[in-house]
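Heads up, the thing below is written out as C-alpha cells.
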Amino acid sequence: MLVPVYDLEGRAVDQIELADSVFNITPNIPVMHQALVRQLANARAGTHDTKTRGEVRGGGRKPWRQKGTGRARQGSIRAPHWKGGGVVWGPHPRSYRQKMPKKMRRLAIRSLLSVKQRENQLVVVRGLNEIEPKTKVMKGVLQRLPLANARSTLIVVDQRRENVRRAAGNLEDVKVLVAHNMNIRDGLKYERMILTPEAINVIHRLWAQEGV
C-alpha cells in the first residue's frame with residue numbers, strides 16, 4: 001500500500017510503501033480494548049490503603065457497661081459504625097497488573113495502525129528528524145501538514161530525537177514517541193499520527209508479518 005510522503009512545507013514529494021500486515025488488516029476491536037484496559041491497569045500504583053477496626057488507634061476500652069444504661073451495647077468506639085472507626089471492605093495495597101499474550105499485544109498494535117490508516121489519520125513526513133529545536137518552527141510545520149485541524153498530534157520517530165522533543169515540548173496536545181514504545185493508549189488518545197520514514201522502518205521490523 002502506497003501513501004504520500006510530505007516535506008516540512010506540507011508538499012507531497014514522494015510515496016512510501018506500508019506493509020499490509022501492519023497497516024491494512026481487519027482491526028480486532030476486542031483485542032484493542034483488552035490491551036487498553038491492561039495498559040491502564042498496569043499503570044495503577046495500587047498503594048491505596050484504609051484501616052480496619054484493628055488498625056485504628058484507640059477503642060480498646062468498652063465505652064459503657066453492657067447492661068443497665070438503656071443504650072445499645074457497644075464494645076469499641078472504633079467499630080465501623082462509629083465516627084473515626086475502621087473501614088469495612090476498604091481498599092488495601094495490591095497489584096492491578098494484568099498479563100496478555102505477546103501475539104495479542106502485537107495484534108493490538110497492528111489493529112491500531114490499521115485503524116489510523118483506514119481513517120486517514122496517518123501522515124508520513126520527511127525531514128522531521130533535522131527540524132530546528134524551536135516551538136515556533138514545529139508549530140508551523142504541524143499547521144502546514146494534512147489534518148492541521150486535528151485536536152491532537154502524536155509524532156512517532158525512530159529513536160530519541162532531542163531536537164524534535166524540544167521543538168514539540170511546549171505545544172499543547174502534541175507528544176513525541178519513539179516507535180518501539182508504540183502503545184494503544186497514546187495511539188487512541190491522539191487524533192493525528194505523524195510518522196517519519198525511519199520510524200516506519202522500525203515499525204515494519206517490529207510488527208510486520210512475513211508472507212502476509
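Chain labels A, B, ... are given in the sequence in which chains occur in the C-alpha cells; within each chain residues are numbered consecutively from 1, and ligands are likewise numbered from 1 in the order shown.
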Kindly provide the residues of region 101-184 of chain A that approach region 17-34 of chain A to within 9 Å, each paired with its closest atom pair and their distance in Å to one decimal, based on only C-alpha atoms, listed by chain and increasing number, as a Markdown table.
| residue | atom | partner | partner_atom | distance |
| --- | --- | --- | --- | --- |
| A:Met104 | CA | A:Val31 | CA | 6.7 |
| A:Arg105 | CA | A:Val31 | CA | 8.0 |
| A:Leu107 | CA | A:Val31 | CA | 7.4 |
| A:Ala108 | CA | A:Met32 | CA | 4.8 |
| A:Ile109 | CA | A:Met32 | CA | 7.7 |
| A:Arg110 | CA | A:Val22 | CA | 4.8 |
| A:Ser111 | CA | A:Pro27 | CA | 4.3 |
| A:Leu112 | CA | A:Pro27 | CA | 7.1 |
| A:Leu113 | CA | A:Phe23 | CA | 5.4 |
| A:Ser114 | CA | A:Phe23 | CA | 4.2 |
| A:Val115 | CA | A:Pro27 | CA | 6.6 |
| A:Lys116 | CA | A:Phe23 | CA | 8.1 |
| A:Gln117 | CA | A:Phe23 | CA | 6.3 |
| A:Arg118 | CA | A:Asn24 | CA | 7.6 |
| A:Ile184 | CA | A:Met32 | CA | 7.1 |
Who sits within 8 Å of Lys175 (chain A), only C-alpha atoms, same chain under 4 positions skipped, as a PyMOL selection string: chain A and resi 153-155+168-169
Excluding Val156 (chain A) and its own-chain neighbours fewer than 3 positions away, which residues fall within 6 Å of it when counting only C-alpha atoms? Please give them as a tab-separated table (two decimals) with N, CA and C atoms, in the first residue's frame.
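Final output, saved to result.tsv:
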chain	number	residue	atom	x	y	z
A	176	VAL	N	5.73	13.43	21.48
A	176	VAL	CA	6.74	12.74	20.67
A	176	VAL	C	6.96	11.36	21.29
A	177	LEU	N	6.90	10.33	20.44
A	177	LEU	CA	7.01	8.95	20.92
A	177	LEU	C	7.99	8.19	20.04
A	178	VAL	N	8.87	7.42	20.67
A	178	VAL	CA	9.79	6.55	19.92
A	178	VAL	C	9.01	5.34	19.42
A	179	ALA	N	9.29	4.89	18.21
A	179	ALA	CA	8.48	3.87	17.54
A	179	ALA	C	8.35	2.59	18.35
A	195	LEU	N	4.31	10.09	11.21
A	195	LEU	CA	5.40	9.11	11.19
A	195	LEU	C	6.52	9.61	10.29
Residue neighbourhood Ile194 (chain A), 12 Å, only C-alpha atoms, exclusion window fewer than 4 positions, as a VMD selection string: chain A and resid 5 to 8 113 116 to 117 120 to 126 128 141 to 142 145 to 148 150 152 to 158 174 to 179 187 190 198 to 200
Write the selection just made, keeping N, CA, C and O atoms, as a compact mmCIF listing (two decimals), in the first residue's frame?
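Written file, out-v8.txt:
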# COMPACT_ATOMS: atom_id res chain seq x y z
N VAL A 5 4.36 10.92 0.91
CA VAL A 5 5.32 11.42 1.89
C VAL A 5 5.40 12.93 1.73
O VAL A 5 5.58 13.44 0.61
N TYR A 6 5.24 13.66 2.83
CA TYR A 6 5.23 15.12 2.79
C TYR A 6 6.55 15.67 3.32
O TYR A 6 7.23 15.04 4.14
N ASP A 7 6.89 16.86 2.83
CA ASP A 7 8.06 17.54 3.38
C ASP A 7 7.59 18.52 4.45
O ASP A 7 6.40 18.59 4.79
N LEU A 8 8.51 19.27 5.01
CA LEU A 8 8.17 20.18 6.11
C LEU A 8 7.33 21.36 5.67
O LEU A 8 6.79 22.09 6.51
N LEU A 113 -2.75 0.66 14.15
CA LEU A 113 -2.17 1.33 12.98
C LEU A 113 -3.08 1.18 11.77
O LEU A 113 -3.19 2.10 10.94
N LYS A 116 -5.87 3.74 12.16
CA LYS A 116 -5.38 5.08 11.83
C LYS A 116 -5.27 5.27 10.32
O LYS A 116 -5.65 6.33 9.79
N GLN A 117 -4.76 4.26 9.64
CA GLN A 117 -4.64 4.35 8.19
C GLN A 117 -6.00 4.38 7.53
O GLN A 117 -6.24 5.15 6.60
N ASN A 120 -7.63 7.69 7.66
CA ASN A 120 -6.82 8.76 7.07
C ASN A 120 -6.24 9.69 8.13
O ASN A 120 -6.20 10.92 7.96
N GLN A 121 -5.79 9.11 9.23
CA GLN A 121 -5.20 9.91 10.31
C GLN A 121 -3.68 9.73 10.38
O GLN A 121 -3.05 10.21 11.31
N LEU A 122 -3.11 9.04 9.41
CA LEU A 122 -1.66 8.85 9.34
C LEU A 122 -1.05 9.86 8.36
O LEU A 122 -1.56 10.03 7.25
N VAL A 123 0.04 10.49 8.75
CA VAL A 123 0.76 11.42 7.88
C VAL A 123 2.24 11.07 7.96
O VAL A 123 2.82 11.01 9.05
N VAL A 124 2.86 10.82 6.81
CA VAL A 124 4.28 10.49 6.75
C VAL A 124 5.04 11.76 6.35
O VAL A 124 4.72 12.39 5.33
N VAL A 125 6.04 12.12 7.16
CA VAL A 125 6.77 13.37 6.95
C VAL A 125 8.26 13.09 6.85
O VAL A 125 8.83 12.39 7.70
N ARG A 126 8.89 13.64 5.84
CA ARG A 126 10.33 13.50 5.66
C ARG A 126 11.03 14.78 6.13
O ARG A 126 10.53 15.89 5.92
N LEU A 128 11.77 15.54 9.30
CA LEU A 128 11.41 15.97 10.65
C LEU A 128 12.54 15.74 11.64
O LEU A 128 12.66 16.46 12.64
N VAL A 141 5.23 23.77 11.06
CA VAL A 141 5.21 22.51 10.31
C VAL A 141 3.89 21.79 10.51
O VAL A 141 3.26 21.31 9.55
N LEU A 142 3.42 21.70 11.74
CA LEU A 142 2.17 20.99 12.03
C LEU A 142 0.97 21.67 11.37
O LEU A 142 0.01 21.00 10.96
N LEU A 145 0.94 20.69 7.50
CA LEU A 145 0.71 19.29 7.14
C LEU A 145 -0.78 18.98 7.07
O LEU A 145 -1.60 19.74 7.60
N PRO A 146 -1.16 17.89 6.40
CA PRO A 146 -2.58 17.50 6.36
C PRO A 146 -3.14 17.30 7.76
O PRO A 146 -2.40 17.04 8.72
N LEU A 147 -4.45 17.42 7.88
CA LEU A 147 -5.17 17.30 9.16
C LEU A 147 -4.70 18.35 10.15
O LEU A 147 -4.55 18.08 11.35
N ALA A 148 -4.48 19.55 9.66
CA ALA A 148 -3.99 20.62 10.53
C ALA A 148 -5.00 20.97 11.62
O ALA A 148 -4.63 21.54 12.66
N ALA A 150 -6.64 18.84 13.39
CA ALA A 150 -6.75 17.75 14.36
C ALA A 150 -6.59 18.29 15.77
O ALA A 150 -5.79 19.20 16.03
N SER A 152 -5.34 16.84 18.32
CA SER A 152 -4.10 16.41 18.98
C SER A 152 -3.24 15.67 17.97
O SER A 152 -3.75 15.13 16.97
N THR A 153 -1.94 15.62 18.25
CA THR A 153 -0.99 15.02 17.31
C THR A 153 0.03 14.18 18.07
O THR A 153 0.60 14.62 19.08
N LEU A 154 0.27 12.98 17.55
CA LEU A 154 1.31 12.10 18.07
C LEU A 154 2.41 11.98 17.02
O LEU A 154 2.15 11.54 15.90
N ILE A 155 3.62 12.39 17.36
CA ILE A 155 4.75 12.34 16.45
C ILE A 155 5.59 11.10 16.80
O ILE A 155 6.08 10.98 17.93
N VAL A 156 5.75 10.20 15.85
CA VAL A 156 6.48 8.96 16.08
C VAL A 156 7.80 9.02 15.33
O VAL A 156 7.82 9.19 14.10
N VAL A 157 8.90 8.89 16.06
CA VAL A 157 10.24 8.93 15.48
C VAL A 157 10.92 7.58 15.71
O VAL A 157 10.47 6.76 16.50
N ASP A 158 12.02 7.37 14.99
CA ASP A 158 12.68 6.06 15.03
C ASP A 158 13.49 5.84 16.30
O ASP A 158 13.65 4.72 16.77
N VAL A 174 0.41 17.79 21.87
CA VAL A 174 1.39 17.21 20.95
C VAL A 174 2.37 16.38 21.77
O VAL A 174 2.89 16.85 22.78
N LYS A 175 2.62 15.15 21.33
CA LYS A 175 3.54 14.26 22.05
C LYS A 175 4.48 13.60 21.07
O LYS A 175 4.08 13.23 19.96
N VAL A 176 5.73 13.43 21.48
CA VAL A 176 6.74 12.74 20.67
C VAL A 176 6.96 11.36 21.29
O VAL A 176 7.17 11.23 22.50
N LEU A 177 6.90 10.33 20.44
CA LEU A 177 7.01 8.95 20.92
C LEU A 177 7.99 8.19 20.04
O LEU A 177 7.96 8.31 18.81
N VAL A 178 8.87 7.42 20.67
CA VAL A 178 9.79 6.55 19.92
C VAL A 178 9.01 5.34 19.42
O VAL A 178 8.15 4.80 20.13
N ALA A 179 9.29 4.89 18.21
CA ALA A 179 8.48 3.87 17.54
C ALA A 179 8.35 2.59 18.35
O ALA A 179 7.28 1.99 18.43
N GLY A 187 -1.93 5.90 21.07
CA GLY A 187 -2.47 5.82 19.72
C GLY A 187 -3.93 6.22 19.64
O GLY A 187 -4.37 6.85 18.66
N TYR A 190 -4.42 10.38 20.82
CA TYR A 190 -4.07 11.44 19.88
C TYR A 190 -4.70 11.16 18.52
O TYR A 190 -4.61 10.05 18.00
N GLU A 198 11.86 6.76 8.75
CA GLU A 198 12.72 5.93 9.59
C GLU A 198 11.90 5.20 10.65
O GLU A 198 12.17 4.04 10.98
N ALA A 199 10.88 5.88 11.19
CA ALA A 199 10.01 5.23 12.18
C ALA A 199 9.21 4.10 11.56
O ALA A 199 8.96 3.06 12.19
N ILE A 200 8.80 4.28 10.31
CA ILE A 200 8.08 3.22 9.61
C ILE A 200 8.95 1.98 9.45
O ILE A 200 8.48 0.85 9.60
Closest of A:Lys51, A:Lys134, A:Arg151, A:Lys67 to His92 (chain A) - atom-to-atom distances counting only C-alpha atoms: A:Lys51
Point-to-point distance from CA of Arg106 (chain A) to CA of His180 (chain A), Å rounded to tenths: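 So the answer is 11.6 Å.
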Counting only C-alpha atoms, the option among A:Gly140, A:Gly127, A:Gly86, A:Pro101 closest to Ala35 (chain A):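 With only C-alpha atoms as the atom set, the closest residue is A:Pro101.
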Neighbour list for Gln15 (chain A) as a ChimeraX atom specification, cut-off 8 Å, only C-alpha atoms, skip fewer than 5 positions in-chain: /A:2-5
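The space separating CA of Gly85 (chain A) from CA of Arg53 (chain A) comes to 6.2 Å.
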Expected answer as number ranges by chain: strand (DSSP E) residues in region 20-206 of chain A: A: 122-125, 153-157, 174-178, 192-195
Nearest residue to Met1 (chain A) from the set A:Glu172, A:Trp207, A:Ile16, A:Gln159 (distances using only C-alpha atoms):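 The closest residue to Met1 (chain A) is A:Ile16.
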Nearest to Asn129 (chain A) by atom-to-atom distance, counting only C-alpha atoms, from A:Arg161, A:Leu40, A:Trp64, A:Ile77: A:Arg161
Distance criterion (only C-alpha atoms): nearest to Pro63 (chain A) out of A:Val164, A:Val87, A:Met138, A:Ala79: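 When distances to Pro63 (chain A) are compared using only C-alpha atoms, the smallest one comes from A:Ala79.
Here CA of Gln143 (chain A) is placed at a distance of 13.5 Å from CA of Asp173 (chain A).
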Counting only C-alpha atoms, the option among A:Asp14, A:Asp186, A:Glu55, A:Glu119 closest to Val88 (chain A):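 Nearest to Val88 (chain A): A:Glu55.
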For Tyr96 (chain A): contacts at 10 Å, only C-alpha atoms, fewer than 6 positions along chain excluded, given as a ChimeraX atom specification: /A:38,40-46
DSSP-assigned alpha helix (DSSP H) among region 39-108 of chain A, expressed as a ChimeraX atom specification: /A:39-42,102-108
